[in-house]
Amino acid sequence: MDGSKTDLILKGLIMSEEKFDKNKLPSRHVSIGPERAPHRSYYYAMGMTEEDIKKPFVGVVSTWNEAAPCNIALMRQAQSVKKGVQDADGTPREFCTITVTDGIAMGHQGMKSSLVSREVIADSTELTVRGHSYDAIVGLAGCDKSLPGLMMAMCRLNVPSVFMYGGSILPGSYKGNDVTVVDVFEAVGKYAAGATTEEDLKELEQVACPSDGACGGQFTANTMACVSEIMGLALPYSSGAPAPYEDRDKYAYESGKQVMNLIENNIRPRDIVTR
């Protein structure tokens with residue numbers, strides 16, 4: 001498919017001849033035919049209906065956990081993704097994978113876990129999607145290694161995919177100035193040099209990170225969020241709003257709808273992320 005036609009399809013100006021043919025999708029292996037009755041019985045156990053099972057299955061994966069603020073808002077946004085998938089005639093299947101957060105992992109033995117976590121995120125997402133024959137993915141991430149980890153999985157699997165950044169943290173306020181975690185790191189050095197007091201350091205650490213979201217600055221998370229848009233895996237402008245903003249939920253909803261359009265028109269990551 002040439003680029004101009006792909007652009008028109010994504011804008012909704014051209015409709016494909018056939019919306020969803022479940023017999024041509026990976027989820028046929030776990031949902032169609034008498035021999036798949038045992039598989040379907042598991043779906044009924046989770047409250048799914050016969051109509052749900054007949055629709056495309058979309059894996060909604062997030063790196064949600066309570067390890068750090070960069071991850072804490074992802075599950076909220078995942079619910080908006082699921083609503084978008086449902087409203088566009090898909091069946092969302094939510095799952096989570098791990099995150100190792102550099103801000104907490106650094107400065108001790110945990111540093112050895114950071115880069116490896118990227119591979120674990122990619123591998124675990126790939127395993128889940130392959131193992132359960134999902135037809136597409138929407139992936140939400142908020143930390144340095146989780147963003148590239150999910151995007152790597154999307155390109156490996158090459159099923160219709162949309163990436164969604166969880167958003168940046170808001171700035172803190174200290175003595176009338178905007179501050180971030182970087183100011184806290186610098187204050188540790190000042191304290192070691194005798195240039196600030198322990199009381200000032202404690203006051204700063206308590207206000208520097210006032211919300212959920214990834215580290216406030218052009219560090220790896222925010223940089224990779226920009227890259228996700230540039231590569232075409234994320235909706236335009238979806239990376240900009242901070243994590244607490246309700247705009248993020250609107251982009252999440254649209255990401256869920258858009259992945260159904262990608263399934264309909266068989267547009268895959270490797271059609272978009274080219275050399």
# chains A, B, ... in the order shown; residues from 1 in each chain; ligands from 1
call {"tool": "residues_around", "arguments": {"residues": "A:Val100", "least_positions_apart": "3", "cutoff": "9 Å", "atoms": "only C-alpha atoms", "output": "ChimeraX atom specification"}}
result
/A:67-68,104-105,110,113-118,143-146
call {"tool": "write_last_selection", "arguments": {"atoms": "N, CA and C atoms", "output": "PDB file, in the first residue's frame"}}
result
ATOM      1  N   ALA A  67       5.929   1.190  41.370  1.00  0.00           N
ATOM      2  CA  ALA A  67       7.359   1.381  41.593  1.00  0.00           C
ATOM      3  C   ALA A  67       7.748   2.850  41.574  1.00  0.00           C
ATOM      4  N   ALA A  68       7.051   3.652  40.752  1.00  0.00           N
ATOM      5  CA  ALA A  68       7.453   5.046  40.591  1.00  0.00           C
ATOM      6  C   ALA A  68       6.322   5.846  39.952  1.00  0.00           C
ATOM      7  N   ILE A 104      14.848   5.398  40.737  1.00  0.00           N
ATOM      8  CA  ILE A 104      14.951   4.682  42.006  1.00  0.00           C
ATOM      9  C   ILE A 104      16.014   3.582  41.939  1.00  0.00           C
ATOM     10  N   ALA A 105      16.232   3.024  40.744  1.00  0.00           N
ATOM     11  CA  ALA A 105      17.189   1.923  40.601  1.00  0.00           C
ATOM     12  C   ALA A 105      18.644   2.393  40.612  1.00  0.00           C
ATOM     13  N   GLY A 110      20.694  -1.984  41.966  1.00  0.00           N
ATOM     14  CA  GLY A 110      19.534  -1.953  41.057  1.00  0.00           C
ATOM     15  C   GLY A 110      19.859  -1.442  39.674  1.00  0.00           C
ATOM     16  N   SER A 113      19.748  -3.781  36.792  1.00  0.00           N
ATOM     17  CA  SER A 113      18.458  -4.288  36.341  1.00  0.00           C
ATOM     18  C   SER A 113      17.826  -3.421  35.252  1.00  0.00           C
ATOM     19  N   SER A 114      18.308  -2.200  35.106  1.00  0.00           N
ATOM     20  CA  SER A 114      17.602  -1.234  34.261  1.00  0.00           C
ATOM     21  C   SER A 114      17.562  -1.617  32.785  1.00  0.00           C
ATOM     22  N   LEU A 115      18.738  -1.736  32.164  1.00  0.00           N
ATOM     23  CA  LEU A 115      18.766  -2.018  30.728  1.00  0.00           C
ATOM     24  C   LEU A 115      18.142  -3.376  30.411  1.00  0.00           C
ATOM     25  N   VAL A 116      18.381  -4.356  31.277  1.00  0.00           N
ATOM     26  CA  VAL A 116      17.815  -5.691  31.075  1.00  0.00           C
ATOM     27  C   VAL A 116      16.287  -5.634  31.067  1.00  0.00           C
ATOM     28  N   SER A 117      15.727  -4.698  31.824  1.00  0.00           N
ATOM     29  CA  SER A 117      14.260  -4.607  31.904  1.00  0.00           C
ATOM     30  C   SER A 117      13.633  -4.314  30.548  1.00  0.00           C
ATOM     31  N   ARG A 118      14.357  -3.581  29.714  1.00  0.00           N
ATOM     32  CA  ARG A 118      13.841  -3.295  28.372  1.00  0.00           C
ATOM     33  C   ARG A 118      13.586  -4.588  27.598  1.00  0.00           C
ATOM     34  N   CYS A 143       8.304   5.071  31.370  1.00  0.00           N
ATOM     35  CA  CYS A 143       9.654   5.172  31.934  1.00  0.00           C
ATOM     36  C   CYS A 143      10.703   4.848  30.870  1.00  0.00           C
ATOM     37  N   ASP A 144      11.955   5.135  31.195  1.00  0.00           N
ATOM     38  CA  ASP A 144      13.021   5.126  30.193  1.00  0.00           C
ATOM     39  C   ASP A 144      13.077   3.860  29.347  1.00  0.00           C
ATOM     40  N   LYS A 145      13.088   2.693  29.985  1.00  0.00           N
ATOM     41  CA  LYS A 145      13.263   1.447  29.239  1.00  0.00           C
ATOM     42  C   LYS A 145      11.940   0.854  28.777  1.00  0.00           C
ATOM     43  N   SER A 146      10.837   1.294  29.401  1.00  0.00           N
ATOM     44  CA  SER A 146       9.544   0.698  29.039  1.00  0.00           C
ATOM     45  C   SER A 146       9.033   1.213  27.694  1.00  0.00           C
TER      46      SER A 146
END
call {"tool": "select_by_dssp", "arguments": {"residues": "stretch 3-223 of chain A", "states": "strand (DSSP E)", "output": "list in words"}}
result
Phe57, Val58, Gly59, Val60, Val61, Ser62, Thr91, Pro92, Arg93, Glu94, Phe95, Cys96, Ala136, Ile137, Val138, Gly139, Leu140, Ala141, Ser161, Val162, Phe163, Met164, Tyr165, Gly172, Ser173, Tyr174, Asn177, Asp178 and Val179 of chain A
call {"tool": "residues_around", "arguments": {"residues": "stretch 163-177 of chain A", "least_positions_apart": "4", "cutoff": "9 Å", "atoms": "only C-alpha atoms", "output": "ChimeraX atom specification"}}
result
/A:69-74,77,137-143,147,150-151,154,181,203-204,207-217,221-222,224-225,228-229,232-235,238-245,248,251-252,255
call {"tool": "closest_atom_pairs", "arguments": {"of": "stretch 104-160 of chain A", "to": "stretch 42-58 of chain A", "cutoff": "7 Å", "atoms": "only C-alpha atoms", "output": "Markdown table"}}
result
| residue | atom | partner | partner_atom | distance |
| --- | --- | --- | --- | --- |
| A:Tyr134 | CA | A:Phe57 | CA | 5.2 |
| A:Asp135 | CA | A:Phe57 | CA | 5.4 |
| A:Ala136 | CA | A:Val58 | CA | 4.8 |
| A:Ile137 | CA | A:Val58 | CA | 5.5 |
call {"tool": "atom_distance", "arguments": {"atom1": "atom CA of A:Val61", "atom2": "atom CA of A:Thr223"}}
result
20.7 Å
call {"tool": "residues_around", "arguments": {"residues": "stretch 262-273 of chain A", "least_positions_apart": "3", "cutoff": "6 Å", "atoms": "only C-alpha atoms", "output": "ChimeraX atom specification"}}
result
/A:19-20,155,158-160,231,259
call {"tool": "write_last_selection", "arguments": {"atoms": "N, CA and C atoms", "output": "short mmCIF file (atom, residue, chain, number, x, y, z; two decimals), in the first residue's frame"}}
result
data_model
loop_
_atom_site.label_atom_id
_atom_site.label_comp_id
_atom_site.auth_asym_id
_atom_site.auth_seq_id
_atom_site.Cartn_x
_atom_site.Cartn_y
_atom_site.Cartn_z
N LYS A 19 -14.70 -4.86 6.79
CA LYS A 19 -14.24 -4.34 8.07
C LYS A 19 -13.37 -5.34 8.80
N PHE A 20 -13.95 -6.39 9.37
CA PHE A 20 -13.17 -7.38 10.10
C PHE A 20 -13.55 -8.78 9.65
N CYS A 155 7.18 -3.91 16.87
CA CYS A 155 7.84 -4.15 15.58
C CYS A 155 8.21 -5.63 15.40
N ASN A 158 4.71 -7.30 14.72
CA ASN A 158 4.17 -6.77 13.46
C ASN A 158 2.66 -7.02 13.33
N VAL A 159 1.94 -6.85 14.43
CA VAL A 159 0.48 -6.79 14.37
C VAL A 159 0.10 -5.32 14.48
N PRO A 160 -1.07 -4.92 13.99
CA PRO A 160 -1.46 -3.51 14.10
C PRO A 160 -1.27 -2.99 15.51
N MET A 231 8.28 8.19 14.59
CA MET A 231 8.27 6.91 13.90
C MET A 231 6.88 6.51 13.41
N VAL A 259 -6.50 1.82 16.59
CA VAL A 259 -5.93 0.49 16.36
C VAL A 259 -6.94 -0.39 15.62
#
call {"tool": "closest_residue", "arguments": {"among": "A:Met75, A:Gly90, A:His132, A:Phe95", "to": "A:Pro26", "atoms": "only C-alpha atoms"}}
result
A:His132
call {"tool": "decode", "arguments": {"residues": "stretch 65-203 of chain A", "atoms": "C-alpha atoms", "output": "PDB file, in the first residue's frame"}}
result
ATOM      1  CA  ASN A  65       2.991  -0.624  38.755  1.00  0.00           C
ATOM      2  CA  GLU A  66       3.590   1.187  42.017  1.00  0.00           C
ATOM      3  CA  ALA A  67       7.359   1.381  41.593  1.00  0.00           C
ATOM      4  CA  ALA A  68       7.453   5.046  40.591  1.00  0.00           C
ATOM      5  CA  PRO A  69       5.278   8.005  39.498  1.00  0.00           C
ATOM      6  CA  CYS A  70       6.031   7.399  35.814  1.00  0.00           C
ATOM      7  CA  ASN A  71       3.909   4.235  35.903  1.00  0.00           C
ATOM      8  CA  ILE A  72       1.133   5.084  38.313  1.00  0.00           C
ATOM      9  CA  ALA A  73      -1.259   6.755  35.829  1.00  0.00           C
ATOM     10  CA  LEU A  74      -0.991   4.097  33.122  1.00  0.00           C
ATOM     11  CA  MET A  75      -3.833   1.880  34.317  1.00  0.00           C
ATOM     12  CA  ARG A  76      -6.201   4.870  34.329  1.00  0.00           C
ATOM     13  CA  GLN A  77      -5.283   5.658  30.736  1.00  0.00           C
ATOM     14  CA  ALA A  78      -5.552   1.981  29.763  1.00  0.00           C
ATOM     15  CA  GLN A  79      -9.239   2.055  30.723  1.00  0.00           C
ATOM     16  CA  SER A  80      -9.777   4.845  28.182  1.00  0.00           C
ATOM     17  CA  VAL A  81      -7.945   2.802  25.553  1.00  0.00           C
ATOM     18  CA  LYS A  82     -10.236  -0.149  26.248  1.00  0.00           C
ATOM     19  CA  LYS A  83     -13.317   2.059  25.872  1.00  0.00           C
ATOM     20  CA  GLY A  84     -12.029   3.253  22.490  1.00  0.00           C
ATOM     21  CA  VAL A  85     -11.456  -0.340  21.342  1.00  0.00           C
ATOM     22  CA  GLN A  86     -14.935  -1.366  22.453  1.00  0.00           C
ATOM     23  CA  ASP A  87     -16.616   1.599  20.758  1.00  0.00           C
ATOM     24  CA  ALA A  88     -14.851   0.659  17.501  1.00  0.00           C
ATOM     25  CA  ASP A  89     -16.109  -2.967  17.607  1.00  0.00           C
ATOM     26  CA  GLY A  90     -13.121  -4.638  19.213  1.00  0.00           C
ATOM     27  CA  THR A  91     -12.628  -6.703  22.365  1.00  0.00           C
ATOM     28  CA  PRO A  92      -9.830  -5.351  24.583  1.00  0.00           C
ATOM     29  CA  ARG A  93      -7.764  -7.741  26.722  1.00  0.00           C
ATOM     30  CA  GLU A  94      -5.715  -5.878  29.312  1.00  0.00           C
ATOM     31  CA  PHE A  95      -2.404  -7.077  30.730  1.00  0.00           C
ATOM     32  CA  CYS A  96       0.618  -5.571  32.466  1.00  0.00           C
ATOM     33  CA  THR A  97       4.341  -6.109  32.346  1.00  0.00           C
ATOM     34  CA  ILE A  98       7.238  -4.973  34.522  1.00  0.00           C
ATOM     35  CA  THR A  99       9.144  -1.715  34.819  1.00  0.00           C
ATOM     36  CA  VAL A 100      12.478  -0.915  36.443  1.00  0.00           C
ATOM     37  CA  THR A 101      12.610   2.807  37.082  1.00  0.00           C
ATOM     38  CA  ASP A 102      16.013   4.458  36.691  1.00  0.00           C
ATOM     39  CA  GLY A 103      15.279   7.224  39.196  1.00  0.00           C
ATOM     40  CA  ILE A 104      14.951   4.682  42.006  1.00  0.00           C
ATOM     41  CA  ALA A 105      17.189   1.923  40.601  1.00  0.00           C
ATOM     42  CA  MET A 106      20.279   4.112  40.198  1.00  0.00           C
ATOM     43  CA  GLY A 107      23.036   4.523  42.764  1.00  0.00           C
ATOM     44  CA  HIS A 108      23.031   0.916  43.989  1.00  0.00           C
ATOM     45  CA  GLN A 109      22.930  -2.668  42.656  1.00  0.00           C
ATOM     46  CA  GLY A 110      19.534  -1.953  41.057  1.00  0.00           C
ATOM     47  CA  MET A 111      21.352  -0.191  38.209  1.00  0.00           C
ATOM     48  CA  LYS A 112      22.181  -3.620  36.808  1.00  0.00           C
ATOM     49  CA  SER A 113      18.458  -4.288  36.341  1.00  0.00           C
ATOM     50  CA  SER A 114      17.602  -1.234  34.261  1.00  0.00           C
ATOM     51  CA  LEU A 115      18.766  -2.018  30.728  1.00  0.00           C
ATOM     52  CA  VAL A 116      17.815  -5.691  31.075  1.00  0.00           C
ATOM     53  CA  SER A 117      14.260  -4.607  31.904  1.00  0.00           C
ATOM     54  CA  ARG A 118      13.841  -3.295  28.372  1.00  0.00           C
ATOM     55  CA  GLU A 119      14.384  -6.778  26.970  1.00  0.00           C
ATOM     56  CA  VAL A 120      12.086  -8.355  29.579  1.00  0.00           C
ATOM     57  CA  ILE A 121       9.319  -5.880  28.666  1.00  0.00           C
ATOM     58  CA  ALA A 122       9.714  -6.616  24.954  1.00  0.00           C
ATOM     59  CA  ASP A 123       9.942 -10.381  25.491  1.00  0.00           C
ATOM     60  CA  SER A 124       7.026 -10.615  27.924  1.00  0.00           C
ATOM     61  CA  THR A 125       4.764  -8.541  25.685  1.00  0.00           C
ATOM     62  CA  GLU A 126       5.690 -10.648  22.672  1.00  0.00           C
ATOM     63  CA  LEU A 127       5.045 -13.861  24.607  1.00  0.00           C
ATOM     64  CA  THR A 128       1.640 -12.711  25.821  1.00  0.00           C
ATOM     65  CA  VAL A 129       0.456 -11.573  22.398  1.00  0.00           C
ATOM     66  CA  ARG A 130       1.728 -14.698  20.641  1.00  0.00           C
ATOM     67  CA  GLY A 131       0.483 -17.023  23.360  1.00  0.00           C
ATOM     68  CA  HIS A 132      -3.046 -15.653  23.297  1.00  0.00           C
ATOM     69  CA  SER A 133      -3.264 -14.859  19.574  1.00  0.00           C
ATOM     70  CA  TYR A 134      -4.167 -11.203  19.969  1.00  0.00           C
ATOM     71  CA  ASP A 135      -4.868  -9.363  16.729  1.00  0.00           C
ATOM     72  CA  ALA A 136      -3.388  -5.997  17.701  1.00  0.00           C
ATOM     73  CA  ILE A 137      -1.759  -4.069  20.543  1.00  0.00           C
ATOM     74  CA  VAL A 138      -2.111  -0.714  22.213  1.00  0.00           C
ATOM     75  CA  GLY A 139       0.855  -0.234  24.533  1.00  0.00           C
ATOM     76  CA  LEU A 140       1.171   2.336  27.324  1.00  0.00           C
ATOM     77  CA  ALA A 141       4.501   3.112  28.975  1.00  0.00           C
ATOM     78  CA  GLY A 142       6.007   5.863  31.081  1.00  0.00           C
ATOM     79  CA  CYS A 143       9.654   5.172  31.934  1.00  0.00           C
ATOM     80  CA  ASP A 144      13.021   5.126  30.193  1.00  0.00           C
ATOM     81  CA  LYS A 145      13.263   1.447  29.239  1.00  0.00           C
ATOM     82  CA  SER A 146       9.544   0.698  29.039  1.00  0.00           C
ATOM     83  CA  LEU A 147       8.906   2.974  26.059  1.00  0.00           C
ATOM     84  CA  PRO A 148      11.469   1.349  23.730  1.00  0.00           C
ATOM     85  CA  GLY A 149      10.623  -2.080  25.194  1.00  0.00           C
ATOM     86  CA  LEU A 150       7.002  -1.856  24.083  1.00  0.00           C
ATOM     87  CA  MET A 151       7.885  -0.361  20.705  1.00  0.00           C
ATOM     88  CA  MET A 152      10.391  -3.167  20.115  1.00  0.00           C
ATOM     89  CA  ALA A 153       7.656  -5.705  20.842  1.00  0.00           C
ATOM     90  CA  MET A 154       5.304  -4.011  18.389  1.00  0.00           C
ATOM     91  CA  CYS A 155       7.841  -4.152  15.581  1.00  0.00           C
ATOM     92  CA  ARG A 156       8.798  -7.754  16.364  1.00  0.00           C
ATOM     93  CA  LEU A 157       5.191  -8.956  16.422  1.00  0.00           C
ATOM     94  CA  ASN A 158       4.166  -6.771  13.463  1.00  0.00           C
ATOM     95  CA  VAL A 159       0.483  -6.789  14.375  1.00  0.00           C
ATOM     96  CA  PRO A 160      -1.464  -3.508  14.096  1.00  0.00           C
ATOM     97  CA  SER A 161      -0.160  -1.387  16.970  1.00  0.00           C
ATOM     98  CA  VAL A 162      -0.493   2.022  18.594  1.00  0.00           C
ATOM     99  CA  PHE A 163       1.899   3.289  21.259  1.00  0.00           C
ATOM    100  CA  MET A 164       0.762   5.649  24.000  1.00  0.00           C
ATOM    101  CA  TYR A 165       3.049   7.608  26.330  1.00  0.00           C
ATOM    102  CA  GLY A 166       1.844   8.010  29.912  1.00  0.00           C
ATOM    103  CA  GLY A 167       2.955  11.640  30.108  1.00  0.00           C
ATOM    104  CA  SER A 168       5.450  13.760  31.987  1.00  0.00           C
ATOM    105  CA  ILE A 169       5.285  14.763  35.644  1.00  0.00           C
ATOM    106  CA  LEU A 170       4.367  18.340  36.564  1.00  0.00           C
ATOM    107  CA  PRO A 171       7.051  20.666  37.954  1.00  0.00           C
ATOM    108  CA  GLY A 172       7.284  21.207  41.671  1.00  0.00           C
ATOM    109  CA  SER A 173       7.547  24.590  43.349  1.00  0.00           C
ATOM    110  CA  TYR A 174      10.298  25.483  45.831  1.00  0.00           C
ATOM    111  CA  LYS A 175      10.895  29.002  47.157  1.00  0.00           C
ATOM    112  CA  GLY A 176       8.983  30.471  44.213  1.00  0.00           C
ATOM    113  CA  ASN A 177      10.833  28.491  41.509  1.00  0.00           C
ATOM    114  CA  ASP A 178       9.854  25.514  39.358  1.00  0.00           C
ATOM    115  CA  VAL A 179      11.877  22.455  40.341  1.00  0.00           C
ATOM    116  CA  THR A 180      12.276  18.833  39.231  1.00  0.00           C
ATOM    117  CA  VAL A 181      14.084  15.770  40.499  1.00  0.00           C
ATOM    118  CA  VAL A 182      17.258  17.147  38.882  1.00  0.00           C
ATOM    119  CA  ASP A 183      17.240  19.936  41.456  1.00  0.00           C
ATOM    120  CA  VAL A 184      17.109  17.283  44.172  1.00  0.00           C
ATOM    121  CA  PHE A 185      20.162  15.498  42.744  1.00  0.00           C
ATOM    122  CA  GLU A 186      22.005  18.814  42.582  1.00  0.00           C
ATOM    123  CA  ALA A 187      20.969  19.609  46.150  1.00  0.00           C
ATOM    124  CA  VAL A 188      22.520  16.330  47.313  1.00  0.00           C
ATOM    125  CA  GLY A 189      25.823  17.573  45.894  1.00  0.00           C
ATOM    126  CA  LYS A 190      25.355  20.969  47.549  1.00  0.00           C
ATOM    127  CA  TYR A 191      24.659  19.285  50.871  1.00  0.00           C
ATOM    128  CA  ALA A 192      27.803  17.164  50.523  1.00  0.00           C
ATOM    129  CA  ALA A 193      29.768  20.350  49.819  1.00  0.00           C
ATOM    130  CA  GLY A 194      28.240  22.146  52.774  1.00  0.00           C
ATOM    131  CA  ALA A 195      26.376  24.604  50.529  1.00  0.00           C
ATOM    132  CA  THR A 196      22.878  23.738  51.787  1.00  0.00           C
ATOM    133  CA  THR A 197      21.335  22.348  54.928  1.00  0.00           C
ATOM    134  CA  GLU A 198      19.720  18.971  55.556  1.00  0.00           C
ATOM    135  CA  GLU A 199      16.467  20.797  56.375  1.00  0.00           C
ATOM    136  CA  ASP A 200      16.447  22.549  52.972  1.00  0.00           C
ATOM    137  CA  LEU A 201      17.223  19.266  51.226  1.00  0.00           C
ATOM    138  CA  LYS A 202      14.321  17.575  53.002  1.00  0.00           C
ATOM    139  CA  GLU A 203      11.944  20.422  52.118  1.00  0.00           C
TER     140      GLU A 203
END
